[in-house]
Structure formats: structure tokens, C-alpha cells
$ cat protein.tsv   # TSV, N, CA and C atoms
chain	number	residue	atom	x	y	z
K	1	MET	N	89.45	108.57	116.06
K	1	MET	CA	90.83	108.94	115.87
K	1	MET	C	91.56	108.95	117.20
K	2	GLY	N	90.85	109.23	118.30
K	2	GLY	CA	91.46	109.22	119.62
K	2	GLY	C	92.03	107.87	119.96
K	3	GLU	N	91.31	106.79	119.56
K	3	GLU	CA	91.80	105.44	119.81
K	3	GLU	C	93.09	105.19	119.05
K	4	LEU	N	93.16	105.69	117.81
K	4	LEU	CA	94.38	105.54	117.02
K	4	LEU	C	95.54	106.24	117.70
K	5	VAL	N	95.32	107.44	118.18
K	5	VAL	CA	96.38	108.17	118.87
K	5	VAL	C	96.83	107.40	120.09
K	6	HIS	N	95.88	106.82	120.84
K	6	HIS	CA	96.23	106.03	122.02
K	6	HIS	C	97.08	104.83	121.62
K	7	LYS	N	96.68	104.13	120.54
K	7	LYS	CA	97.45	102.98	120.08
K	7	LYS	C	98.86	103.40	119.67
K	8	ILE	N	98.96	104.52	118.98
K	8	ILE	CA	100.27	104.98	118.53
K	8	ILE	C	101.14	105.34	119.73
K	9	LYS	N	100.57	106.04	120.70
K	9	LYS	CA	101.34	106.41	121.89
K	9	LYS	C	101.80	105.16	122.63
K	10	LYS	N	100.90	104.17	122.75
K	10	LYS	CA	101.25	102.93	123.42
K	10	LYS	C	102.38	102.24	122.67
K	11	HIS	N	102.26	102.16	121.36
K	11	HIS	CA	103.29	101.54	120.54
K	11	HIS	C	104.61	102.30	120.66
K	12	LYS	N	104.52	103.60	120.69
K	12	LYS	CA	105.71	104.44	120.78
K	12	LYS	C	106.48	104.15	122.06
K	13	THR	N	105.78	103.97	123.17
K	13	THR	CA	106.47	103.74	124.44
K	13	THR	C	107.09	102.36	124.50
K	14	GLN	N	106.56	101.41	123.72
K	14	GLN	CA	107.11	100.06	123.73
K	14	GLN	C	108.33	99.94	122.82
K	15	GLN	N	108.53	100.86	121.92
K	15	GLN	CA	109.65	100.82	120.99
K	15	GLN	C	110.61	101.95	121.32
K	16	SER	N	111.72	101.63	121.95
K	16	SER	CA	112.64	102.67	122.41
K	16	SER	C	113.30	103.41	121.26
K	17	HIS	N	113.38	102.81	120.07
K	17	HIS	CA	114.02	103.48	118.94
K	17	HIS	C	113.12	104.54	118.30
K	18	MET	N	111.86	104.56	118.65
K	18	MET	CA	110.96	105.58	118.11
K	18	MET	C	111.00	106.79	119.02
K	19	THR	N	111.20	107.94	118.43
K	19	THR	CA	111.30	109.14	119.26
K	19	THR	C	110.17	110.14	119.02
K	20	ARG	N	109.54	110.09	117.84
K	20	ARG	CA	108.52	111.09	117.55
K	20	ARG	C	107.56	110.57	116.49
K	21	ILE	N	106.30	110.84	116.70
K	21	ILE	CA	105.27	110.50	115.72
K	21	ILE	C	104.45	111.76	115.46
K	22	LYS	N	104.30	112.10	114.20
K	22	LYS	CA	103.51	113.28	113.84
K	22	LYS	C	102.11	112.82	113.42
K	23	ILE	N	101.12	113.39	114.04
K	23	ILE	CA	99.73	113.11	113.69
K	23	ILE	C	99.20	114.30	112.91
K	24	LYS	N	98.55	114.01	111.80
K	24	LYS	CA	98.01	115.07	110.96
K	24	LYS	C	96.49	114.99	110.96
K	25	ASP	N	95.85	116.14	110.95
K	25	ASP	CA	94.40	116.19	110.83
K	25	ASP	C	94.03	116.08	109.35
K	26	PHE	N	92.99	115.32	109.06
K	26	PHE	CA	92.52	115.15	107.70
K	26	PHE	C	91.09	115.66	107.58
K	27	GLU	N	90.79	116.30	106.47
K	27	GLU	CA	89.44	116.80	106.23
K	27	GLU	C	88.56	115.66	105.74
K	28	VAL	N	87.37	115.57	106.30
K	28	VAL	CA	86.40	114.54	105.93
K	28	VAL	C	85.13	115.24	105.47
K	29	GLU	N	84.61	114.83	104.33
K	29	GLU	CA	83.36	115.40	103.81
K	29	GLU	C	82.20	114.45	104.07
K	30	VAL	N	81.11	114.98	104.57
K	30	VAL	CA	79.89	114.21	104.77
K	30	VAL	C	78.88	114.70	103.74
K	31	LEU	N	78.41	113.78	102.90
K	31	LEU	CA	77.50	114.14	101.81
K	31	LEU	C	76.15	113.47	102.01
K	32	ALA	N	75.09	114.27	102.01
K	32	ALA	CA	73.73	113.73	102.03
K	32	ALA	C	73.32	113.50	100.58
K	33	GLU	N	73.08	112.25	100.23
K	33	GLU	CA	72.75	111.90	98.85
K	33	GLU	C	71.27	112.16	98.57
K	34	ASP	N	70.91	112.24	97.28
K	34	ASP	CA	69.53	112.50	96.87
K	34	ASP	C	68.56	111.42	97.34
K	35	ASP	N	69.05	110.19	97.47
K	35	ASP	CA	68.17	109.08	97.88
K	35	ASP	C	68.02	108.98	99.40
K	36	GLY	N	68.60	109.91	100.14
K	36	GLY	CA	68.50	109.91	101.59
K	36	GLY	C	69.64	109.21	102.30
K	37	SER	N	70.52	108.57	101.54
K	37	SER	CA	71.67	107.91	102.14
K	37	SER	C	72.79	108.92	102.35
K	38	TYR	N	73.88	108.46	102.96
K	38	TYR	CA	75.01	109.34	103.25
K	38	TYR	C	76.31	108.73	102.76
K	39	SER	N	77.22	109.60	102.40
K	39	SER	CA	78.59	109.20	102.04
K	39	SER	C	79.54	110.04	102.87
K	40	ILE	N	80.61	109.41	103.31
K	40	ILE	CA	81.66	110.12	104.03
K	40	ILE	C	82.95	109.84	103.29
K	41	ALA	N	83.69	110.90	102.99
K	41	ALA	CA	84.89	110.76	102.17
K	41	ALA	C	86.06	111.52	102.75
K	42	CYS	N	87.21	110.87	102.72
K	42	CYS	CA	88.47	111.53	103.02
K	42	CYS	C	89.36	111.29	101.81
K	43	SER	N	89.31	112.22	100.87
K	43	SER	CA	90.04	112.07	99.61
K	43	SER	C	91.53	111.98	99.83
K	44	GLU	N	92.03	112.69	100.82
K	44	GLU	CA	93.47	112.71	101.08
K	44	GLU	C	94.00	111.31	101.42
K	45	LEU	N	93.19	110.52	102.11
K	45	LEU	CA	93.59	109.16	102.47
K	45	LEU	C	93.04	108.11	101.50
K	46	GLY	N	92.08	108.50	100.67
K	46	GLY	CA	91.45	107.54	99.78
K	46	GLY	C	90.51	106.61	100.53
K	47	VAL	N	89.85	107.13	101.57
K	47	VAL	CA	88.96	106.33	102.40
K	47	VAL	C	87.54	106.89	102.27
K	48	TYR	N	86.58	105.97	102.02
K	48	TYR	CA	85.20	106.38	101.80
K	48	TYR	C	84.27	105.41	102.52
K	49	GLY	N	83.16	105.94	103.02
K	49	GLY	CA	82.15	105.11	103.67
K	49	GLY	C	80.77	105.52	103.19
K	50	VAL	N	79.84	104.57	103.19
K	50	VAL	CA	78.47	104.85	102.77
K	50	VAL	C	77.50	104.17	103.73
K	51	GLY	N	76.27	104.68	103.77
K	51	GLY	CA	75.25	104.06	104.60
K	51	GLY	C	73.89	104.65	104.35
K	52	LYS	N	72.86	103.89	104.72
K	52	LYS	CA	71.49	104.39	104.59
K	52	LYS	C	71.24	105.53	105.57
K	53	THR	N	71.95	105.51	106.70
K	53	THR	CA	71.84	106.57	107.69
K	53	THR	C	73.23	107.16	107.93
K	54	LEU	N	73.26	108.30	108.57
K	54	LEU	CA	74.55	108.92	108.89
K	54	LEU	C	75.36	108.01	109.81
K	55	SER	N	74.70	107.37	110.75
K	55	SER	CA	75.38	106.46	111.67
K	55	SER	C	76.00	105.28	110.92
K	56	GLU	N	75.26	104.70	109.98
K	56	GLU	CA	75.79	103.60	109.17
K	56	GLU	C	76.98	104.06	108.34
K	57	ALA	N	76.88	105.23	107.76
K	57	ALA	CA	77.98	105.75	106.95
K	57	ALA	C	79.22	105.98	107.82
K	58	LYS	N	79.02	106.50	109.02
K	58	LYS	CA	80.14	106.73	109.93
K	58	LYS	C	80.79	105.40	110.32
K	59	ASN	N	79.98	104.40	110.65
K	59	ASN	CA	80.54	103.09	111.01
K	59	ASN	C	81.29	102.47	109.85
K	60	ASP	N	80.74	102.59	108.64
K	60	ASP	CA	81.40	102.06	107.45
K	60	ASP	C	82.72	102.78	107.22
K	61	PHE	N	82.71	104.10	107.34
K	61	PHE	CA	83.92	104.89	107.16
K	61	PHE	C	85.00	104.47	108.16
K	62	LEU	N	84.62	104.33	109.42
K	62	LEU	CA	85.60	103.97	110.45
K	62	LEU	C	86.15	102.57	110.23
K	63	THR	N	85.32	101.65	109.74
K	63	THR	CA	85.78	100.30	109.42
K	63	THR	C	86.80	100.34	108.29
K	64	VAL	N	86.47	101.08	107.24
K	64	VAL	CA	87.39	101.20	106.09
K	64	VAL	C	88.68	101.91	106.52
K	65	LEU	N	88.58	102.94	107.33
K	65	LEU	CA	89.76	103.64	107.82
K	65	LEU	C	90.65	102.71	108.62
K	66	ASP	N	90.07	101.89	109.48
K	66	ASP	CA	90.85	100.95	110.27
K	66	ASP	C	91.57	99.95	109.37
K	67	LEU	N	90.88	99.44	108.35
K	67	LEU	CA	91.51	98.52	107.40
K	67	LEU	C	92.65	99.20	106.65
K	68	HIS	N	92.42	100.43	106.23
K	68	HIS	CA	93.44	101.20	105.52
K	68	HIS	C	94.69	101.38	106.40
K	69	LEU	N	94.47	101.74	107.66
K	69	LEU	CA	95.60	101.95	108.57
K	69	LEU	C	96.32	100.64	108.88
K	70	ASP	N	95.58	99.52	108.95
K	70	ASP	CA	96.23	98.22	109.14
K	70	ASP	C	97.18	97.91	107.99
K	71	VAL	N	96.74	98.18	106.76
K	71	VAL	CA	97.59	97.95	105.59
K	71	VAL	C	98.84	98.82	105.67
K	72	LEU	N	98.67	100.09	106.02
K	72	LEU	CA	99.83	100.99	106.13
K	72	LEU	C	100.79	100.51	107.21
K	73	ARG	N	100.24	100.04	108.34
K	73	ARG	CA	101.10	99.52	109.42
K	73	ARG	C	101.90	98.32	108.94
K	74	ARG	N	101.22	97.38	108.26
K	74	ARG	CA	101.92	96.19	107.76
K	74	ARG	C	103.01	96.57	106.76
K	75	GLN	N	102.71	97.51	105.89
K	75	GLN	CA	103.72	97.95	104.92
K	75	GLN	C	104.92	98.58	105.63
K	76	ALA	N	104.67	99.36	106.66
K	76	ALA	CA	105.77	99.98	107.41
K	76	ALA	C	106.60	98.92	108.12
K	77	VAL	N	105.95	97.95	108.73
K	77	VAL	CA	106.68	96.88	109.42
K	77	VAL	C	107.50	96.08	108.42
K	78	ASN	N	106.91	95.75	107.27
K	78	ASN	CA	107.65	95.01	106.24
K	78	ASN	C	108.84	95.80	105.73
K	79	ALA	N	108.68	97.09	105.56
K	79	ALA	CA	109.79	97.94	105.10
K	79	ALA	C	110.91	97.96	106.13
K	80	LEU	N	110.56	97.99	107.39
K	80	LEU	CA	111.59	97.98	108.45
K	80	LEU	C	112.30	96.64	108.51
K	81	GLN	N	111.57	95.55	108.32
K	81	GLN	CA	112.18	94.22	108.37
K	81	GLN	C	113.15	94.00	107.22
K	82	VAL	N	112.85	94.55	106.07
K	82	VAL	CA	113.73	94.41	104.91
K	82	VAL	C	115.06	95.12	105.16
K	83	ARG	N	115.02	96.24	105.86
K	83	ARG	CA	116.22	97.03	106.09
K	83	ARG	C	117.10	96.49	107.20
K	84	VAL	N	116.55	95.65	108.07
K	84	VAL	CA	117.32	95.17	109.23
K	84	VAL	C	118.34	94.16	108.83
$ encode --input "protein.tsv" --output "C-alpha cells"
Amino acid sequence: MGELVHKIKKHKTQQSHMTRIKIKDFEVEVLAEDDGSYSIACSELGVYGVGKTLSEAKNDFLTVLDLHLDVLRRQAVNALQVRV
């Protein structure tokens, strides 16, 4: 998440019309499954990751989170372009 904040701050400084960005903390659940695998879920964002190990689940979750945020960024950019 620190990398995301860095990217947002960098983007913020490059866009003079942006004055404030609010970052919210999200709760993430880590579940140890009966078969020994792990699931990581952030229901608030609709982002989930799975893996045979906790490390794999974390990497999967971060990959899915990055994809999710890319989609949100593109939607925001498209919404701004329509209004211009």
C-alpha cells in the first residue's frame, strides 16, 4: 500500500488541479483453509487472493489489488475526459 501512496503523491504533484487525495484503510482478512492453503479477502473492495502458502496468497492478493486499482484509475480518467 505504501507504493500506492507514493504513486498517488507523485501523480498529485504532477497535476496542479488536484488539491487533496483521501486514503482510507481497508480491513483485510487472512483465512487458513482446512486443506492448508490460505485466502486473503478485502470484502470492502471486492478483492481476494488465494495460495498454497501465505506468501503465495499475499502475492496473489497484491496482484489482484493492483489490477483492481488499475481499472478504477482508467474509469476515473475516462470520466474526466468525458467531462472536458
$ atom_distance --input "protein.tsv" --atom1 "atom C of K:Leu72" --atom2 "atom CA of K:Glu44"
15.5 Å
$ atom_distance --input "protein.tsv" --atom1 "atom CA of K:Gly49" --atom2 "atom CA of K:Arg74"
22.1 Å
$ residues_around --input "protein.tsv" --residues "stretch 37-39 of chain K" --least-positions-apart "4" --cutoff "8 Å" --atoms "only C-alpha atoms" --output "list in words"
Val30, Leu31, Ala32, Glu33, Tyr48, Gly49, Val50, Gly51, Lys52, Thr53, Leu54 and Ala57 of chain K
$ atom_distance --input "protein.tsv" --atom1 "atom CA of K:Thr63" --atom2 "atom CA of K:Gln81"
27.1 Å
$ select_by_dssp --input "protein.tsv" --residues "stretch 24-55 of chain K" --states "strand (DSSP E or B)" --output "list in words"
Glu29, Val30, Leu31, Ala32, Tyr38, Ser39, Ile40, Ala41, Cys42, Val47, Tyr48, Gly49, Val50 and Gly51 of chain K
$ write_last_selection --input "protein.tsv" --atoms "N, CA and C atoms" --output "PDB file, in the frame of the given file"
ATOM      1  N   GLU K  29      84.610 114.830 104.330  1.00  0.00           N
ATOM      2  CA  GLU K  29      83.360 115.400 103.810  1.00  0.00           C
ATOM      3  C   GLU K  29      82.200 114.450 104.070  1.00  0.00           C
ATOM      4  N   VAL K  30      81.110 114.980 104.570  1.00  0.00           N
ATOM      5  CA  VAL K  30      79.890 114.210 104.770  1.00  0.00           C
ATOM      6  C   VAL K  30      78.880 114.700 103.740  1.00  0.00           C
ATOM      7  N   LEU K  31      78.410 113.780 102.900  1.00  0.00           N
ATOM      8  CA  LEU K  31      77.500 114.140 101.810  1.00  0.00           C
ATOM      9  C   LEU K  31      76.150 113.470 102.010  1.00  0.00           C
ATOM     10  N   ALA K  32      75.090 114.270 102.010  1.00  0.00           N
ATOM     11  CA  ALA K  32      73.730 113.730 102.030  1.00  0.00           C
ATOM     12  C   ALA K  32      73.320 113.500 100.580  1.00  0.00           C
ATOM     13  N   TYR K  38      73.880 108.460 102.960  1.00  0.00           N
ATOM     14  CA  TYR K  38      75.010 109.340 103.250  1.00  0.00           C
ATOM     15  C   TYR K  38      76.310 108.730 102.760  1.00  0.00           C
ATOM     16  N   SER K  39      77.220 109.600 102.400  1.00  0.00           N
ATOM     17  CA  SER K  39      78.590 109.200 102.040  1.00  0.00           C
ATOM     18  C   SER K  39      79.540 110.040 102.870  1.00  0.00           C
ATOM     19  N   ILE K  40      80.610 109.410 103.310  1.00  0.00           N
ATOM     20  CA  ILE K  40      81.660 110.120 104.030  1.00  0.00           C
ATOM     21  C   ILE K  40      82.950 109.840 103.290  1.00  0.00           C
ATOM     22  N   ALA K  41      83.690 110.900 102.990  1.00  0.00           N
ATOM     23  CA  ALA K  41      84.890 110.760 102.170  1.00  0.00           C
ATOM     24  C   ALA K  41      86.060 111.520 102.750  1.00  0.00           C
ATOM     25  N   CYS K  42      87.210 110.870 102.720  1.00  0.00           N
ATOM     26  CA  CYS K  42      88.470 111.530 103.020  1.00  0.00           C
ATOM     27  C   CYS K  42      89.360 111.290 101.810  1.00  0.00           C
ATOM     28  N   VAL K  47      89.850 107.130 101.570  1.00  0.00           N
ATOM     29  CA  VAL K  47      88.960 106.330 102.400  1.00  0.00           C
ATOM     30  C   VAL K  47      87.540 106.890 102.270  1.00  0.00           C
ATOM     31  N   TYR K  48      86.580 105.970 102.020  1.00  0.00           N
ATOM     32  CA  TYR K  48      85.200 106.380 101.800  1.00  0.00           C
ATOM     33  C   TYR K  48      84.270 105.410 102.520  1.00  0.00           C
ATOM     34  N   GLY K  49      83.160 105.940 103.020  1.00  0.00           N
ATOM     35  CA  GLY K  49      82.150 105.110 103.670  1.00  0.00           C
ATOM     36  C   GLY K  49      80.770 105.520 103.190  1.00  0.00           C
ATOM     37  N   VAL K  50      79.840 104.570 103.190  1.00  0.00           N
ATOM     38  CA  VAL K  50      78.470 104.850 102.770  1.00  0.00           C
ATOM     39  C   VAL K  50      77.500 104.170 103.730  1.00  0.00           C
ATOM     40  N   GLY K  51      76.270 104.680 103.770  1.00  0.00           N
ATOM     41  CA  GLY K  51      75.250 104.060 104.600  1.00  0.00           C
ATOM     42  C   GLY K  51      73.890 104.650 104.350  1.00  0.00           C
TER      43      GLY K  51
END
$ residues_around --input "protein.tsv" --residues "K:Glu27" --least-positions-apart "2" --cutoff "5 Å" --atoms "all atoms listed in the file" --output "ChimeraX atom specification"
/K:25,29,42
$ closest_residue --input "protein.tsv" --among "K:Asp35, K:Leu80, K:Ser55, K:Leu45" --to "K:His68" --atoms "only C-alpha atoms"
K:Leu45
